[in-house]
$ cat input34.cif   # mmCIF, C-alpha atoms
data_structure
loop_
_atom_site.label_atom_id
_atom_site.label_comp_id
_atom_site.auth_asym_id
_atom_site.auth_seq_id
_atom_site.Cartn_x
_atom_site.Cartn_y
_atom_site.Cartn_z
CA MET A 127 15.43 -14.33 -68.31
CA LYS A 128 12.03 -13.64 -66.86
CA PHE A 129 11.52 -12.59 -63.23
CA GLY A 130 8.08 -13.25 -61.76
CA ILE A 131 7.29 -10.94 -58.87
CA VAL A 132 4.37 -11.94 -56.68
CA SER A 133 2.11 -9.08 -55.57
CA PHE A 134 0.26 -9.83 -52.35
CA PRO A 135 -2.20 -7.36 -50.87
CA GLY A 136 0.15 -5.25 -48.75
CA SER A 137 3.34 -5.91 -50.71
CA ASN A 138 5.39 -2.74 -51.13
CA GLY A 139 8.67 -4.09 -52.49
CA ASP A 140 7.17 -5.54 -55.65
CA TYR A 141 7.81 -2.40 -57.75
CA ASP A 142 11.39 -2.16 -56.48
CA ALA A 143 11.98 -5.77 -57.50
CA TYR A 144 10.35 -5.16 -60.89
CA GLN A 145 12.43 -2.03 -61.50
CA SER A 146 15.66 -3.74 -60.50
CA ALA A 147 15.05 -6.54 -63.01
CA ILE A 148 14.04 -4.17 -65.82
CA GLU A 149 16.33 -1.16 -65.23
CA ALA A 150 19.41 -2.65 -63.60
CA LEU A 151 19.53 -6.05 -65.29
CA HIS A 152 17.68 -5.21 -68.51
CA GLU A 153 15.80 -8.46 -68.21
CA ASP A 154 12.13 -9.32 -68.50
CA ALA A 155 9.84 -9.12 -65.46
CA VAL A 156 6.18 -9.63 -64.76
CA PHE A 157 3.90 -9.08 -61.78
CA LEU A 158 2.08 -12.19 -60.59
CA TRP A 159 -1.17 -11.50 -58.75
CA HIS A 160 -1.48 -13.59 -55.59
CA LYS A 161 -4.87 -14.96 -56.64
CA ASP A 162 -3.61 -16.32 -59.96
CA HIS A 163 -2.38 -19.83 -60.57
CA ASP A 164 -0.02 -18.98 -63.44
CA LEU A 165 3.68 -18.17 -63.12
CA GLN A 166 3.55 -16.95 -66.75
CA GLY A 167 6.72 -18.76 -67.68
CA SER A 168 8.85 -17.00 -65.05
CA ASP A 169 12.32 -18.42 -64.53
CA VAL A 170 12.96 -16.80 -61.17
CA ILE A 171 10.26 -16.03 -58.59
CA ILE A 172 10.64 -13.13 -56.18
CA LEU A 173 8.51 -12.96 -53.03
CA PRO A 174 8.86 -9.25 -52.31
CA GLY A 175 8.98 -7.15 -49.18
CA GLY A 176 6.03 -5.44 -47.55
CA PHE A 177 3.27 -6.26 -45.14
CA SER A 178 1.16 -8.89 -46.85
CA TYR A 179 -2.26 -9.17 -45.23
CA GLY A 180 -1.24 -6.46 -42.78
CA ASP A 181 1.03 -8.95 -40.99
CA TYR A 182 -2.18 -10.25 -39.38
CA LEU A 183 -1.72 -13.30 -37.16
CA ARG A 184 2.03 -13.46 -37.94
CA ALA A 185 4.09 -11.91 -40.72
CA GLY A 186 3.66 -14.11 -43.79
CA ALA A 187 1.27 -16.57 -42.12
CA ILE A 188 -1.72 -15.81 -44.34
CA ALA A 189 0.14 -15.00 -47.56
CA ARG A 190 1.53 -18.52 -47.65
CA PHE A 191 -2.00 -19.76 -48.35
CA SER A 192 -2.48 -17.39 -51.29
CA PRO A 193 -3.51 -19.34 -54.40
CA ILE A 194 -0.28 -18.64 -56.31
CA MET A 195 1.86 -20.08 -53.51
CA ARG A 196 0.90 -23.56 -54.69
CA GLU A 197 2.64 -22.90 -58.00
CA VAL A 198 5.55 -21.13 -56.28
CA VAL A 199 6.15 -24.17 -54.05
CA GLN A 200 5.94 -26.49 -57.09
CA HIS A 201 8.42 -24.24 -58.93
CA ALA A 202 10.79 -24.50 -55.96
CA GLU A 203 10.36 -28.28 -55.74
CA ARG A 204 11.31 -28.54 -59.42
CA GLY A 205 14.53 -26.70 -58.56
CA GLY A 206 13.38 -23.30 -59.84
CA PRO A 207 15.04 -20.31 -58.13
CA VAL A 208 12.99 -18.42 -55.55
CA ILE A 209 14.12 -15.32 -53.63
CA GLY A 210 12.21 -14.23 -50.53
CA ILE A 211 13.09 -10.69 -49.52
CA CYS A 212 12.06 -9.36 -46.10
CA ASN A 213 8.33 -10.16 -45.93
CA GLY A 214 9.07 -12.67 -48.72
CA PHE A 215 11.59 -14.38 -46.38
CA GLN A 216 8.87 -14.55 -43.72
CA ILE A 217 6.44 -16.03 -46.25
CA ALA A 218 9.03 -18.58 -47.43
CA CYS A 219 9.58 -19.72 -43.84
CA GLU A 220 5.86 -19.96 -43.14
CA ALA A 221 5.42 -21.94 -46.37
CA GLY A 222 8.10 -24.41 -45.28
CA LEU A 223 10.42 -23.52 -48.18
CA LEU A 224 13.01 -22.51 -45.59
CA PRO A 225 13.50 -23.64 -41.98
CA GLY A 226 12.96 -21.41 -38.95
CA ALA A 227 10.87 -18.34 -38.31
CA LEU A 228 11.21 -14.56 -38.09
CA LEU A 229 10.12 -12.95 -34.86
CA ARG A 230 9.67 -9.42 -33.55
CA ASN A 231 12.95 -7.46 -33.43
CA ALA A 232 14.55 -7.82 -30.01
CA SER A 233 14.54 -4.01 -29.69
CA LEU A 234 10.80 -3.97 -30.46
CA LYS A 235 11.64 -1.19 -32.94
CA PHE A 236 11.16 -1.06 -36.67
CA VAL A 237 14.64 -0.59 -38.10
CA CYS A 238 15.19 1.23 -41.39
CA ALA A 239 18.89 1.69 -42.17
CA PRO A 240 21.82 0.56 -44.31
CA ILE A 241 23.35 -2.45 -42.58
CA GLY A 242 26.73 -4.12 -42.89
CA LEU A 243 26.69 -7.77 -43.93
CA ARG A 244 29.26 -10.45 -44.61
CA VAL A 245 28.84 -12.88 -47.51
CA GLU A 246 29.22 -16.25 -45.78
CA ASN A 247 28.80 -18.42 -48.85
CA ALA A 248 29.77 -17.09 -52.28
CA ASP A 249 29.24 -20.48 -53.88
CA THR A 250 25.49 -20.32 -54.51
CA ILE A 251 23.48 -19.37 -57.59
CA PHE A 252 22.59 -16.14 -55.78
CA THR A 253 26.02 -15.05 -54.56
CA SER A 254 28.66 -16.18 -57.07
CA ARG A 255 29.42 -12.57 -58.05
CA TYR A 256 30.49 -11.75 -54.50
CA ARG A 257 33.76 -12.74 -52.89
CA GLN A 258 33.69 -15.19 -50.01
CA GLY A 259 33.72 -13.13 -46.83
CA GLN A 260 33.05 -9.88 -48.71
CA ARG A 261 31.59 -7.09 -46.63
CA ILE A 262 28.61 -5.39 -48.24
CA LEU A 263 26.07 -2.75 -47.32
CA LEU A 264 22.36 -3.33 -47.93
CA PRO A 265 19.28 -1.49 -46.67
CA ILE A 266 16.93 -3.13 -44.21
CA ALA A 267 13.41 -2.04 -43.24
CA HIS A 268 11.62 -4.40 -40.93
CA GLY A 269 10.07 -4.92 -37.51
CA ASP A 270 10.04 -8.73 -37.55
CA GLY A 271 13.47 -9.86 -38.61
CA ARG A 272 14.81 -11.86 -35.68
CA TYR A 273 15.66 -15.17 -37.28
CA SER A 274 15.00 -18.05 -34.90
CA ALA A 275 15.32 -21.80 -35.12
CA ASP A 276 16.28 -24.63 -32.77
CA ASN A 277 19.98 -25.28 -32.19
CA GLU A 278 19.97 -28.44 -34.26
CA THR A 279 18.64 -26.53 -37.28
CA LEU A 280 21.13 -23.70 -36.74
CA ASP A 281 24.04 -26.16 -36.52
CA ARG A 282 22.88 -27.84 -39.71
CA LEU A 283 22.51 -24.52 -41.56
CA GLU A 284 26.02 -23.51 -40.54
CA GLY A 285 27.51 -26.92 -41.23
CA GLU A 286 26.04 -27.13 -44.72
CA GLY A 287 26.94 -23.59 -45.73
CA GLN A 288 23.30 -22.57 -45.78
CA VAL A 289 23.93 -19.37 -43.85
CA VAL A 290 24.53 -17.05 -46.80
CA PHE A 291 24.52 -13.58 -45.20
CA ARG A 292 25.33 -12.53 -41.65
CA TYR A 293 25.10 -9.15 -39.96
CA ALA A 294 28.69 -8.11 -39.37
CA PRO A 295 30.38 -5.18 -37.64
CA ASP A 296 32.49 -2.75 -39.60
CA PRO A 297 36.07 -3.89 -38.92
CA LEU A 298 37.24 -0.25 -38.99
CA GLU A 299 34.99 1.01 -36.25
CA ALA A 300 33.73 -0.47 -33.02
CA GLN A 301 30.05 -1.21 -33.36
CA GLU A 302 28.28 -2.82 -30.51
CA ALA A 303 24.85 -3.09 -32.07
CA TYR A 304 25.66 -4.37 -35.53
CA ASN A 305 22.88 -6.98 -35.40
CA PRO A 306 19.73 -4.90 -35.97
CA ASN A 307 17.14 -7.42 -34.79
CA GLY A 308 18.79 -9.89 -32.42
CA SER A 309 18.68 -12.77 -34.92
CA MET A 310 20.23 -16.02 -33.76
CA ARG A 311 23.89 -16.34 -34.73
CA ASP A 312 23.62 -13.00 -36.55
CA ILE A 313 21.81 -14.66 -39.45
CA ALA A 314 20.54 -12.27 -42.13
CA GLY A 315 19.95 -14.70 -45.01
CA ILE A 316 19.79 -18.45 -45.59
CA ILE A 317 19.43 -20.86 -48.47
CA ASN A 318 17.61 -24.19 -48.58
CA SER A 319 19.55 -27.45 -48.75
CA ALA A 320 18.87 -27.84 -52.49
CA GLY A 321 20.38 -24.40 -53.06
CA ASN A 322 17.54 -22.85 -55.07
CA VAL A 323 15.56 -20.93 -52.43
CA LEU A 324 17.15 -17.87 -50.80
CA GLY A 325 15.56 -15.88 -47.99
CA LEU A 326 17.03 -12.68 -46.60
CA MET A 327 15.85 -9.73 -44.53
CA PRO A 328 17.95 -7.03 -46.30
CA HIS A 329 16.79 -5.56 -49.61
CA PRO A 330 19.22 -6.23 -52.50
CA GLU A 331 16.62 -4.91 -54.98
CA ARG A 332 16.79 -1.50 -53.28
CA ALA A 333 20.56 -1.28 -53.76
CA VAL A 334 21.16 -1.61 -57.50
CA ASP A 335 21.77 1.99 -58.63
CA PRO A 336 24.96 3.86 -57.53
CA LEU A 337 23.04 7.11 -58.01
CA LEU A 338 20.87 6.22 -55.03
CA GLY A 339 23.56 4.90 -52.68
CA PRO A 340 25.42 1.63 -52.35
CA ALA A 341 24.74 -0.78 -55.20
CA ASP A 342 25.80 -3.92 -53.35
CA GLY A 343 22.55 -5.69 -54.26
CA LEU A 344 23.36 -5.75 -57.94
CA PRO A 345 25.86 -8.66 -57.80
CA LEU A 346 23.11 -10.82 -56.28
CA LEU A 347 20.87 -10.29 -59.27
CA GLU A 348 23.80 -10.65 -61.67
CA SER A 349 24.75 -13.95 -60.02
CA ILE A 350 21.36 -15.35 -60.90
CA LEU A 351 21.73 -14.22 -64.52
CA GLN A 352 25.10 -15.87 -64.73
CA ARG A 353 24.23 -19.12 -62.99
CA VAL A 354 20.67 -19.76 -64.06
CA ALA A 355 21.06 -20.37 -67.76
CA VAL A 356 17.88 -19.85 -69.75
CA MET B 236 -24.25 -30.71 -35.45
CA SER B 237 -23.78 -28.45 -32.46
CA ARG B 238 -22.29 -25.00 -32.19
CA TYR B 239 -19.30 -24.52 -29.98
CA ARG B 240 -17.31 -21.54 -28.84
CA VAL B 241 -13.64 -22.43 -28.54
CA ALA B 242 -11.05 -20.18 -26.92
CA VAL B 243 -7.42 -20.74 -27.87
CA GLN B 244 -4.32 -19.29 -26.28
CA ILE B 245 -1.10 -19.00 -28.23
CA VAL B 246 2.09 -18.05 -26.41
CA PRO B 247 5.75 -17.72 -27.38
CA ARG B 248 7.62 -20.93 -26.57
CA ARG B 249 9.30 -20.77 -23.19
CA GLY B 250 13.01 -20.22 -23.45
CA LEU B 251 12.77 -18.12 -26.59
CA LEU B 252 13.53 -14.43 -26.20
CA ASP B 253 10.21 -12.64 -25.66
CA PRO B 254 11.00 -8.91 -25.94
CA GLN B 255 7.34 -7.89 -25.76
CA GLY B 256 6.85 -9.78 -22.52
CA LYS B 257 10.03 -8.27 -21.10
CA ALA B 258 8.95 -4.71 -22.03
CA VAL B 259 5.58 -5.24 -20.34
CA ALA B 260 7.26 -6.69 -17.23
CA ASP B 261 9.60 -3.68 -17.07
CA ALA B 262 6.61 -1.31 -17.30
CA LEU B 263 4.82 -3.18 -14.51
CA HIS B 264 7.93 -2.91 -12.34
CA THR B 265 7.98 0.84 -13.00
CA LEU B 266 4.37 1.00 -11.80
CA GLY B 267 5.39 -0.64 -8.57
CA PHE B 268 4.29 -4.20 -9.27
CA GLY B 269 7.64 -5.52 -8.15
CA GLY B 270 6.30 -9.02 -7.59
CA VAL B 271 5.93 -9.70 -11.32
CA ALA B 272 8.68 -12.12 -12.23
CA GLU B 273 7.86 -12.73 -15.89
CA VAL B 274 5.30 -11.73 -18.52
CA HIS B 275 4.57 -13.52 -21.77
CA VAL B 276 2.55 -11.80 -24.47
CA GLY B 277 0.60 -14.06 -26.80
CA ARG B 278 -2.71 -14.15 -28.67
CA HIS B 279 -6.18 -15.15 -27.58
CA LEU B 280 -8.54 -16.35 -30.30
CA VAL B 281 -12.24 -17.10 -29.98
CA LEU B 282 -13.76 -19.36 -32.62
CA ASP B 283 -17.44 -20.10 -33.18
CA LEU B 284 -17.70 -23.37 -35.03
CA GLU B 285 -20.01 -26.26 -35.81
CA ALA B 286 -19.02 -29.82 -35.04
CA LYS B 287 -20.63 -33.15 -34.28
CA ASP B 288 -19.44 -33.19 -30.69
CA GLU B 289 -16.98 -31.54 -28.38
CA ALA B 290 -14.18 -33.99 -29.09
CA LEU B 291 -14.39 -33.18 -32.81
CA ALA B 292 -14.52 -29.45 -32.09
CA ARG B 293 -11.31 -29.81 -30.10
CA GLN B 294 -9.69 -31.94 -32.76
CA GLN B 295 -10.54 -29.43 -35.50
CA THR B 296 -9.20 -26.57 -33.41
CA ARG B 297 -5.96 -28.42 -32.76
CA GLU B 298 -5.56 -28.95 -36.50
CA MET B 299 -6.22 -25.25 -37.15
CA CYS B 300 -3.55 -24.34 -34.61
CA GLU B 301 -1.03 -26.71 -36.13
CA ARG B 302 -1.63 -25.53 -39.68
CA LEU B 303 -2.22 -21.80 -39.32
CA LEU B 304 -3.00 -20.24 -35.96
CA ALA B 305 0.28 -21.05 -34.23
CA ASN B 306 3.80 -21.27 -35.63
CA PRO B 307 5.11 -24.72 -34.67
CA VAL B 308 8.69 -23.39 -34.67
CA THR B 309 8.22 -20.69 -32.07
CA GLU B 310 4.83 -20.92 -30.39
CA ASP B 311 2.79 -23.21 -28.15
CA PHE B 312 -0.98 -23.32 -28.10
CA GLU B 313 -3.56 -24.43 -25.63
CA ILE B 314 -7.33 -24.84 -25.98
CA ALA B 315 -8.43 -22.81 -22.99
CA GLU B 316 -12.17 -23.33 -23.09
CA VAL B 317 -14.90 -25.07 -25.07
CA SER B 318 -18.50 -24.16 -24.48
CA THR B 319 -21.78 -25.03 -26.18
CA ARG B 320 -23.52 -22.18 -27.96
#
$ encode --input "input34.cif" --output "structure tokens"
Amino acid sequence: MKFGIVSFPGSNGDYDAYQSAIEALHEDAVFLWHKDHDLQGSDVIILPGGFSYGDYLRAGAIARFSPIMREVVQHAERGGPVIGICNGFQIACEAGLLPGALLRNASLKFVCAPIGLRVENADTIFTSRYRQGQRILLPIAHGDGRYSADNETLDRLEGEGQVVFRYAPDPLEAQEAYNPNGSMRDIAGIINSAGNVLGLMPHPERAVDPLLGPADGLPLLESILQRVAV
Amino acid sequence: MSRYRVAVQIVPRRGLLDPQGKAVADALHTLGFGGVAEVHVGRHLVLDLEAKDEALARQQTREMCERLLANPVTEDFEIAEVSTR
């Protein structure tokens, strides 16, 4: 399987995504320059984390007009898997691949920490290696992660099982501030209605090696391997 | 063709949590400006552009706001001023 990782000017999660595909999954991966128009035969596209175009105007607002996004959107429309991580989630929302928007953290602070999540839907191509309701720990690092959408959209996302990850308190200890950014309904990650585009603020690609901490991101990548037959 | 200067204001949609506006309001209260009820922090853009007439300049600006300058999910925009250059 070949992962195509888009490098925008200002991306900083592209190497992490590349390494996770090569080192943790032992699969093929290639960097895709934002000005190109060629996905180079990639099966899965990753829009990585970072600060594309310096977050000018709004996070992700300018990156969505990068030349390669035309091919990424076509890939998604054909049913090809796309994962938007952090800034990639913001770009996917701006590009209309996912509903809603990501706004400044309610605390106004950049938050960089491991965060507890609950897997809300383990029946997607991205989450089949998790258990439904499983609690996992993934790192976050963002200043604009407050997921927002109108109530109708939120109801639809919940009703259709499109809320995939939620910030969740540790059941063993009382945590008042378990939601790091004030996102609506504690949403951390969503999937589109067709089930092939995932956007999430946490960084699964930075949690794939037990040597470096929790490896709860690995099952996400393994799910794709298992479910997206190539 | 004429040259126009168009000023656009983009503000967070009312009703959505605006933490920046709240932080600024709190700071103003600390300074003694107790009469400030609410603050909303947005963006102010100034565009110099060429168009056939003012109506077209406004129409183009609206389109720019809808497609790029404002996020239709969370922001409202308003063309604050159009002047001839």
$ atom_distance --input "input34.cif" --atom1 "CA of Ser233 (chain A)" --atom2 "CA of Leu263 (chain A)"
21.1 Å
$ resolve_selection --input "input34.cif" --expression "the PyMOL selection byres ((chain B and resi 257) around 12)" --output "compact mmCIF listing (two decimals) with C-alpha atoms, keeping the file's coordinate frame"
# COMPACT_ATOMS: atom_id res chain seq x y z
CA ALA A 232 14.55 -7.82 -30.01
CA SER A 233 14.54 -4.01 -29.69
CA LEU A 234 10.80 -3.97 -30.46
CA LEU B 251 12.77 -18.12 -26.59
CA LEU B 252 13.53 -14.43 -26.20
CA ASP B 253 10.21 -12.64 -25.66
CA PRO B 254 11.00 -8.91 -25.94
CA GLN B 255 7.34 -7.89 -25.76
CA GLY B 256 6.85 -9.78 -22.52
CA ALA B 258 8.95 -4.71 -22.03
CA VAL B 259 5.58 -5.24 -20.34
CA ALA B 260 7.26 -6.69 -17.23
CA ASP B 261 9.60 -3.68 -17.07
CA ALA B 262 6.61 -1.31 -17.30
CA LEU B 263 4.82 -3.18 -14.51
CA HIS B 264 7.93 -2.91 -12.34
CA VAL B 271 5.93 -9.70 -11.32
CA ALA B 272 8.68 -12.12 -12.23
CA GLU B 273 7.86 -12.73 -15.89
CA VAL B 274 5.30 -11.73 -18.52
CA HIS B 275 4.57 -13.52 -21.77
CA VAL B 276 2.55 -11.80 -24.47
$ atom_distance --input "input34.cif" --atom1 "CA of Arg272 (chain A)" --atom2 "CA of Ala147 (chain A)"
27.8 Å
$ residues_around --input "input34.cif" --residues "region 286-292 of chain B" --least-positions-apart "4" --cutoff "8 Å" --atoms "all atoms listed in the file" --output "VMD selection string"
chain B and resid 236 to 239 241 296 317
$ resolve_selection --input "input34.cif" --expression "the PyMOL selection byres ((chain A and resi 267) around 8)" --output "list in words"
Cys212, Phe236, Val237, Cys238, Ala239, Pro265, Ile266, His268, Gly269 and Pro328 of chain A
$ atom_distance --input "input34.cif" --atom1 "CA of Asp312 (chain A)" --atom2 "CA of Tyr273 (chain A)"
8.3 Å
$ interface_residues --input "input34.cif" --of "chain A" --to "chain B" --cutoff "12 Å" --atoms "all atoms listed in the file" --output "MDAnalysis selection string"
chainID A and resid 182:191 216 219:222 224:235 270 272:277 279 307:310
$ decode --input "input34.cif" --residues "region 253-277 of chain B" --atoms "N, CA and C atoms" --output "PDB file, in the first residue's frame"
ATOM      1  N   ASP B 253     -16.884  33.303  21.336  1.00  0.00           N
ATOM      2  CA  ASP B 253     -15.813  34.148  20.802  1.00  0.00           C
ATOM      3  C   ASP B 253     -14.807  34.434  21.929  1.00  0.00           C
ATOM      4  N   PRO B 254     -13.901  33.468  22.181  1.00  0.00           N
ATOM      5  CA  PRO B 254     -13.007  33.615  23.343  1.00  0.00           C
ATOM      6  C   PRO B 254     -12.094  34.833  23.233  1.00  0.00           C
ATOM      7  N   GLN B 255     -11.695  35.185  22.009  1.00  0.00           N
ATOM      8  CA  GLN B 255     -10.838  36.367  21.853  1.00  0.00           C
ATOM      9  C   GLN B 255     -11.585  37.618  22.290  1.00  0.00           C
ATOM     10  N   GLY B 256     -12.829  37.745  21.820  1.00  0.00           N
ATOM     11  CA  GLY B 256     -13.629  38.902  22.179  1.00  0.00           C
ATOM     12  C   GLY B 256     -13.836  38.986  23.683  1.00  0.00           C
ATOM     13  N   LYS B 257     -14.065  37.804  24.303  1.00  0.00           N
ATOM     14  CA  LYS B 257     -14.299  37.780  25.745  1.00  0.00           C
ATOM     15  C   LYS B 257     -13.031  38.192  26.500  1.00  0.00           C
ATOM     16  N   ALA B 258     -11.867  37.728  26.039  1.00  0.00           N
ATOM     17  CA  ALA B 258     -10.604  38.082  26.710  1.00  0.00           C
ATOM     18  C   ALA B 258     -10.365  39.586  26.618  1.00  0.00           C
ATOM     19  N   VAL B 259     -10.657  40.170  25.455  1.00  0.00           N
ATOM     20  CA  VAL B 259     -10.464  41.613  25.289  1.00  0.00           C
ATOM     21  C   VAL B 259     -11.445  42.374  26.187  1.00  0.00           C
ATOM     22  N   ALA B 260     -12.691  41.904  26.237  1.00  0.00           N
ATOM     23  CA  ALA B 260     -13.689  42.566  27.097  1.00  0.00           C
ATOM     24  C   ALA B 260     -13.245  42.521  28.558  1.00  0.00           C
ATOM     25  N   ASP B 261     -12.732  41.357  28.994  1.00  0.00           N
ATOM     26  CA  ASP B 261     -12.262  41.230  30.380  1.00  0.00           C
ATOM     27  C   ASP B 261     -11.139  42.223  30.657  1.00  0.00           C
ATOM     28  N   ALA B 262     -10.212  42.364  29.688  1.00  0.00           N
ATOM     29  CA  ALA B 262      -9.086  43.287  29.873  1.00  0.00           C
ATOM     30  C   ALA B 262      -9.593  44.725  29.964  1.00  0.00           C
ATOM     31  N   LEU B 263     -10.578  45.060  29.149  1.00  0.00           N
ATOM     32  CA  LEU B 263     -11.142  46.419  29.185  1.00  0.00           C
ATOM     33  C   LEU B 263     -11.810  46.679  30.531  1.00  0.00           C
ATOM     34  N   HIS B 264     -12.495  45.659  31.052  1.00  0.00           N
ATOM     35  CA  HIS B 264     -13.128  45.813  32.376  1.00  0.00           C
ATOM     36  C   HIS B 264     -12.063  46.084  33.432  1.00  0.00           C
ATOM     37  N   THR B 265     -10.938  45.342  33.326  1.00  0.00           N
ATOM     38  CA  THR B 265      -9.839  45.528  34.277  1.00  0.00           C
ATOM     39  C   THR B 265      -9.321  46.962  34.215  1.00  0.00           C
ATOM     40  N   LEU B 266      -9.309  47.542  33.025  1.00  0.00           N
ATOM     41  CA  LEU B 266      -8.830  48.913  32.861  1.00  0.00           C
ATOM     42  C   LEU B 266      -9.832  49.951  33.349  1.00  0.00           C
ATOM     43  N   GLY B 267     -11.021  49.483  33.719  1.00  0.00           N
ATOM     44  CA  GLY B 267     -12.005  50.407  34.238  1.00  0.00           C
ATOM     45  C   GLY B 267     -13.106  50.775  33.254  1.00  0.00           C
ATOM     46  N   PHE B 268     -13.053  50.195  32.063  1.00  0.00           N
ATOM     47  CA  PHE B 268     -14.119  50.464  31.079  1.00  0.00           C
ATOM     48  C   PHE B 268     -15.287  49.517  31.338  1.00  0.00           C
ATOM     49  N   GLY B 269     -15.944  49.749  32.461  1.00  0.00           N
ATOM     50  CA  GLY B 269     -16.990  48.841  32.900  1.00  0.00           C
ATOM     51  C   GLY B 269     -18.217  48.849  32.002  1.00  0.00           C
ATOM     52  N   GLY B 270     -18.344  49.870  31.184  1.00  0.00           N
ATOM     53  CA  GLY B 270     -19.525  49.974  30.330  1.00  0.00           C
ATOM     54  C   GLY B 270     -19.479  49.068  29.105  1.00  0.00           C
ATOM     55  N   VAL B 271     -18.349  48.401  28.875  1.00  0.00           N
ATOM     56  CA  VAL B 271     -18.239  47.534  27.691  1.00  0.00           C
ATOM     57  C   VAL B 271     -19.001  46.241  27.953  1.00  0.00           C
ATOM     58  N   ALA B 272     -20.051  46.019  27.195  1.00  0.00           N
ATOM     59  CA  ALA B 272     -20.854  44.819  27.414  1.00  0.00           C
ATOM     60  C   ALA B 272     -20.272  43.631  26.655  1.00  0.00           C
ATOM     61  N   GLU B 273     -19.867  43.853  25.406  1.00  0.00           N
ATOM     62  CA  GLU B 273     -19.373  42.743  24.591  1.00  0.00           C
ATOM     63  C   GLU B 273     -18.340  43.252  23.611  1.00  0.00           C
ATOM     64  N   VAL B 274     -17.367  42.392  23.277  1.00  0.00           N
ATOM     65  CA  VAL B 274     -16.382  42.718  22.238  1.00  0.00           C
ATOM     66  C   VAL B 274     -16.332  41.551  21.260  1.00  0.00           C
ATOM     67  N   HIS B 275     -16.262  41.855  19.988  1.00  0.00           N
ATOM     68  CA  HIS B 275     -16.068  40.806  18.992  1.00  0.00           C
ATOM     69  C   HIS B 275     -14.848  41.134  18.167  1.00  0.00           C
ATOM     70  N   VAL B 276     -13.916  40.182  18.097  1.00  0.00           N
ATOM     71  CA  VAL B 276     -12.680  40.396  17.354  1.00  0.00           C
ATOM     72  C   VAL B 276     -12.801  39.729  15.991  1.00  0.00           C
ATOM     73  N   GLY B 277     -12.602  40.511  14.944  1.00  0.00           N
ATOM     74  CA  GLY B 277     -12.673  39.964  13.595  1.00  0.00           C
ATOM     75  C   GLY B 277     -11.489  40.428  12.774  1.00  0.00           C
TER      76      GLY B 277
END
